[in-house]
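Take a look at the structure below.
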Protein chains: 2
Amino acid sequence: MRGKERADAARNRQAILDAADRLFADATDPHEVSMDDIAAAAGVGKGTLFRRFGDRTGLIRHLYAARLAPLRDQIENGPPPLGPSGAPRERIAAIIDAIAVIKLENAHLMIALEGGGAPAHRLHETADYVAVHELLTDLVTASGGDPRYAGWVAHVLLAAVRADLLRHLVDVEKRSHAEIRANLRAFTTHTLSFRPPGGA
Amino acid sequence: MRGKERADAARNRQAILDAADRLFADATDPHEVSMDDIAAAAGVGKGTLFRRFGDRTGLIRHLYAARLAPLRDQIENGPPPLGPSGAPRERIAAIIDAIAVIKLENAHLMIALEGGGAPAHRLHETADYVAVHELLTDLVTASGGDPRYAGWVAHVLLAAVRADLLRHLVDVEKRSHAEIRANLRAFTTHTLSFRPPGGA
DNA sequence: GTAGCATCCGGACCGTCGGTCCGGATATCC
DNA sequence: GGATATCCGGACCGACGGTCCGGATGCTAC
């Protein structure tokens, strides 16, 4: 990793990423995509694959991170409503919507990560989850929510955009993306007025 | 299965169920409990285990069903607020609370089922999920919700009691069961007043 | 009690998977 | 073009879920 990366190494990495993405997209269940499959599809030995990404989780995380990067950038440096200068309530709604869009467009990957990616199913301990949860918690607080319950509200909002739920709504219940997003937005707004038992 | 079950078979089944339950309870990650482990702990051959339950998913489902049975009975035949004669809104709150209690008390099993149980991660196509979702949908409608969005509300309520989220709240955030249940109840009540975009 | 039979048991066995390892190939630098 | 650090490929490994069948065991009829 120190110094420069050799040209063939870079080329292979990209081939692996592309092949994995394609295979996960075609599979209904991430478990039916083996590491050998990915290596073969990328025209690469299995050793190469593991040297680059460590293990299965690492590979999936790389793919995941690549899809998430634009969103992170938008949230950290972009214009409103996603960017830091937006009003908290609008920002929350925009973030939840953006997450939903990404997951709807990359259902296969998101399911692979939320489900079969980690050693266990510790979605809530994922760096990405923790980061967005913290941000949402702050925003809920900033939008007038009780700090003591902001974390809870953030969890519930994120629970509503879990990849497998979204996939179920699309694949089984045949709901349109537009309908899902509209419901999600209304739900987000509504949930922001949540007040805990006993009042603030 | 036809006719009577032999005594040793019944004994072995119970031993397997007990052993599996114990092992899952001790493990942090269901994947670290292998079928061989279960067979060994039950003092039984692996063939016996698979003949009885078909496969890993079948075993876990049996355990799951056993824990859920009392709740199903309460909902179908019990007294209010869980039973059929309760008022819809109270019944919804009671059902969500009861689900939370079961999942809090059996976190290991619930995570095994929601995560590593099914061939994929098709929680939402599980018979149990579908059944409770249908019931909740009906109840939301009966309590005055727009039938067109009742299914959505039911999904969101169930998303708030997903096993891994509850475990995170307990294990990582160190929240008490009482606090979680209180928040959940308030959230349920609040969400029942959800109205979709455009109004009814 | 016991003979005969259906049922059940155990664990050796199989294919596959994630992950490792190292001899040989290749890019890069001078 | 040669030296060398880096990288590659695929044979290899242990573990896992699941299968199979020869032998053991509980049940029933007499």
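Labeling convention for the structure tokens: chains A, B, ... as they appear, residues from 1 per chain, ligands from 1 in order of appearance.
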
Could you build a table of the residues in chain C lying no more than 10 Å from chain A, giving for each the nearest pair of atoms and their separation in Å rounded to one decimal place, using only C-alpha atoms (C1' of nucleotides), ordered by chain and ascending residue number, as JSON lines?
```
{"residue": "C:DT16", "atom": "C1'", "partner": "A:Ser34", "partner_atom": "CA", "distance": 9.6}
{"residue": "C:DC17", "atom": "C1'", "partner": "A:Ser34", "partner_atom": "CA", "distance": 7.3}
{"residue": "C:DG18", "atom": "C1'", "partner": "A:Met35", "partner_atom": "CA", "distance": 7.5}
{"residue": "C:DG19", "atom": "C1'", "partner": "A:Asp55", "partner_atom": "CA", "distance": 7.6}
{"residue": "C:DT20", "atom": "C1'", "partner": "A:Gly47", "partner_atom": "CA", "distance": 8.3}
{"residue": "C:DC21", "atom": "C1'", "partner": "A:Gly47", "partner_atom": "CA", "distance": 9.0}
{"residue": "C:DT26", "atom": "C1'", "partner": "A:Asp8", "partner_atom": "CA", "distance": 8.8}
{"residue": "C:DA27", "atom": "C1'", "partner": "A:Arg6", "partner_atom": "CA", "distance": 6.8}
{"residue": "C:DT28", "atom": "C1'", "partner": "A:Arg6", "partner_atom": "CA", "distance": 8.3}
```

Would you export the selected residues with C-alpha atoms (C1' of nucleotides) as a PDB file, in the first residue's frame, please?
```pdb
ATOM      1  C1'  DT C  16     -19.056 -26.279  -1.532  1.00  0.00           C
ATOM      2  C1'  DC C  17     -17.516 -22.290   0.572  1.00  0.00           C
ATOM      3  C1'  DG C  18     -14.450 -18.700   2.653  1.00  0.00           C
ATOM      4  C1'  DG C  19      -9.811 -18.069   3.260  1.00  0.00           C
ATOM      5  C1'  DT C  20      -4.452 -19.178   2.932  1.00  0.00           C
ATOM      6  C1'  DC C  21      -0.067 -19.910   0.723  1.00  0.00           C
ATOM      7  C1'  DT C  26       5.333  -9.053 -14.163  1.00  0.00           C
ATOM      8  C1'  DA C  27       5.835  -4.209 -13.678  1.00  0.00           C
ATOM      9  C1'  DT C  28       8.971  -0.759 -12.499  1.00  0.00           C
TER      10       DT C  28
END
```

Exercise. What residues in region 13-199 of chain B get the DSSP label helix (DSSP H, G or I)? Please answer as a PyMOL selection string.
Worked result: chain B and resi 13-26+30-32+35-42+46-53+56-77+88-105+107-117+123-125+127-142+147-159+163-172+177-191

For this session: Enter the distance from CA of Lys174 (chain B) to CA of Ala131 (chain A), in Å, rounded to one decimal.
Result: 18.8 Å

For this session: With a cut-off of 7 Å and counting only C-alpha atoms (C1' of nucleotides), select all residues of chain D in contact with chain A and give the selection as a PyMOL selection string.
Result: chain D and resi 8-10

Problem set entry | Among listed residues B:Ile111, B:Ile99, B:Leu49, B:Leu135, nearest chain A (using only C-alpha atoms) |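 The shortest atom-to-atom distance to chain A comes from B:Ile111.
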
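Neighbours of Ile60 (chain B) closer than or equal to 9 Å, with only C-alpha atoms (C1' of nucleotides) counted and sequence neighbours fewer than 6 positions away skipped, come out as B:Ala20, B:Asp21, B:Phe53, B:Leu109, B:Ala112, B:Leu113, B:Gly117.
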
Quick one: contact table of chain B to chain A, 9 Å max, nearest atom pair and distance in Å to one decimal per residue, counting only C-alpha atoms, chain and number order, as JSON lines?
```
{"residue": "B:Thr28", "atom": "CA", "partner": "A:Ala120", "partner_atom": "CA", "distance": 8.2}
{"residue": "B:Asp29", "atom": "CA", "partner": "A:Ala120", "partner_atom": "CA", "distance": 5.4}
{"residue": "B:Pro30", "atom": "CA", "partner": "A:Ala120", "partner_atom": "CA", "distance": 7.4}
{"residue": "B:His31", "atom": "CA", "partner": "A:Ala120", "partner_atom": "CA", "distance": 7.2}
{"residue": "B:Ile111", "atom": "CA", "partner": "A:His121", "partner_atom": "CA", "distance": 7.9}
{"residue": "B:Gly115", "atom": "CA", "partner": "A:Gly115", "partner_atom": "CA", "distance": 6.4}
{"residue": "B:Gly116", "atom": "CA", "partner": "A:Gly116", "partner_atom": "CA", "distance": 8.0}
{"residue": "B:Pro119", "atom": "CA", "partner": "A:Asp29", "partner_atom": "CA", "distance": 7.8}
{"residue": "B:Ala120", "atom": "CA", "partner": "A:Asp29", "partner_atom": "CA", "distance": 5.4}
{"residue": "B:His121", "atom": "CA", "partner": "A:Gly115", "partner_atom": "CA", "distance": 6.5}
{"residue": "B:Arg122", "atom": "CA", "partner": "A:Asp164", "partner_atom": "CA", "distance": 7.2}
{"residue": "B:Leu123", "atom": "CA", "partner": "A:Asp164", "partner_atom": "CA", "distance": 7.9}
{"residue": "B:His124", "atom": "CA", "partner": "A:His168", "partner_atom": "CA", "distance": 6.7}
{"residue": "B:Glu125", "atom": "CA", "partner": "A:His168", "partner_atom": "CA", "distance": 8.1}
{"residue": "B:Tyr149", "atom": "CA", "partner": "A:Asn183", "partner_atom": "CA", "distance": 8.5}
{"residue": "B:Trp152", "atom": "CA", "partner": "A:Asn183", "partner_atom": "CA", "distance": 8.1}
{"residue": "B:Val153", "atom": "CA", "partner": "A:Phe187", "partner_atom": "CA", "distance": 8.8}
{"residue": "B:His155", "atom": "CA", "partner": "A:Leu165", "partner_atom": "CA", "distance": 8.0}
{"residue": "B:Val156", "atom": "CA", "partner": "A:Ala160", "partner_atom": "CA", "distance": 5.8}
{"residue": "B:Leu157", "atom": "CA", "partner": "A:Ala160", "partner_atom": "CA", "distance": 8.9}
{"residue": "B:Ala159", "atom": "CA", "partner": "A:Ala159", "partner_atom": "CA", "distance": 5.6}
{"residue": "B:Ala160", "atom": "CA", "partner": "A:Val156", "partner_atom": "CA", "distance": 5.7}
{"residue": "B:Arg162", "atom": "CA", "partner": "A:Ala159", "partner_atom": "CA", "distance": 8.3}
{"residue": "B:Asp164", "atom": "CA", "partner": "A:Arg122", "partner_atom": "CA", "distance": 7.2}
{"residue": "B:Leu165", "atom": "CA", "partner": "A:His124", "partner_atom": "CA", "distance": 7.1}
{"residue": "B:His168", "atom": "CA", "partner": "A:His124", "partner_atom": "CA", "distance": 6.7}
{"residue": "B:Leu169", "atom": "CA", "partner": "A:Trp152", "partner_atom": "CA", "distance": 9.0}
{"residue": "B:Val172", "atom": "CA", "partner": "A:Glu125", "partner_atom": "CA", "distance": 8.7}
{"residue": "B:Ala182", "atom": "CA", "partner": "A:Pro197", "partner_atom": "CA", "distance": 6.8}
{"residue": "B:Asn183", "atom": "CA", "partner": "A:Pro196", "partner_atom": "CA", "distance": 6.3}
{"residue": "B:Arg185", "atom": "CA", "partner": "A:Pro197", "partner_atom": "CA", "distance": 8.4}
{"residue": "B:Ala186", "atom": "CA", "partner": "A:Pro197", "partner_atom": "CA", "distance": 5.9}
{"residue": "B:Phe187", "atom": "CA", "partner": "A:Phe194", "partner_atom": "CA", "distance": 7.0}
{"residue": "B:His190", "atom": "CA", "partner": "A:Phe194", "partner_atom": "CA", "distance": 6.6}
{"residue": "B:Thr191", "atom": "CA", "partner": "A:Thr191", "partner_atom": "CA", "distance": 7.2}
{"residue": "B:Ser193", "atom": "CA", "partner": "A:His190", "partner_atom": "CA", "distance": 8.7}
{"residue": "B:Phe194", "atom": "CA", "partner": "A:His190", "partner_atom": "CA", "distance": 6.6}
{"residue": "B:Arg195", "atom": "CA", "partner": "A:Ala186", "partner_atom": "CA", "distance": 7.7}
{"residue": "B:Pro196", "atom": "CA", "partner": "A:Ala186", "partner_atom": "CA", "distance": 6.2}
{"residue": "B:Pro197", "atom": "CA", "partner": "A:Ala186", "partner_atom": "CA", "distance": 5.9}
```

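Interatomic distance, CA of Gly144 (chain B) to CA of Pro79 (chain B): 22.3 Å.
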
For this session: Quick one: everything within 9 Å of His62 (chain A), counting only C-alpha atoms (C1' of nucleotides), minus sequence neighbours fewer than 4 positions away in the same chain. Send it as a ChimeraX atom specification.
Result: /A:17,53,57-58,66-67

Problem set entry | d(CA of Ala39 (chain B), C1' of DC21 (chain D)) in Å |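 So the two atoms, CA of Ala39 (chain B) and C1' of DC21 (chain D), lie 19.0 Å apart.
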
Problem set entry | Residues near DC20 (chain D), cut-off 10 Å, only C-alpha atoms (C1' of nucleotides), skip fewer than 2 positions along chain, as JSON, numbers by chain | {"B": [47], "C": [12, 13], "D": [22]}

Problem set entry | 12 Å contact set for DA29 (chain D), only C-alpha atoms (C1' of nucleotides), chain neighbours under 6 positions out, as an NGL selection string | :C and (2-5)
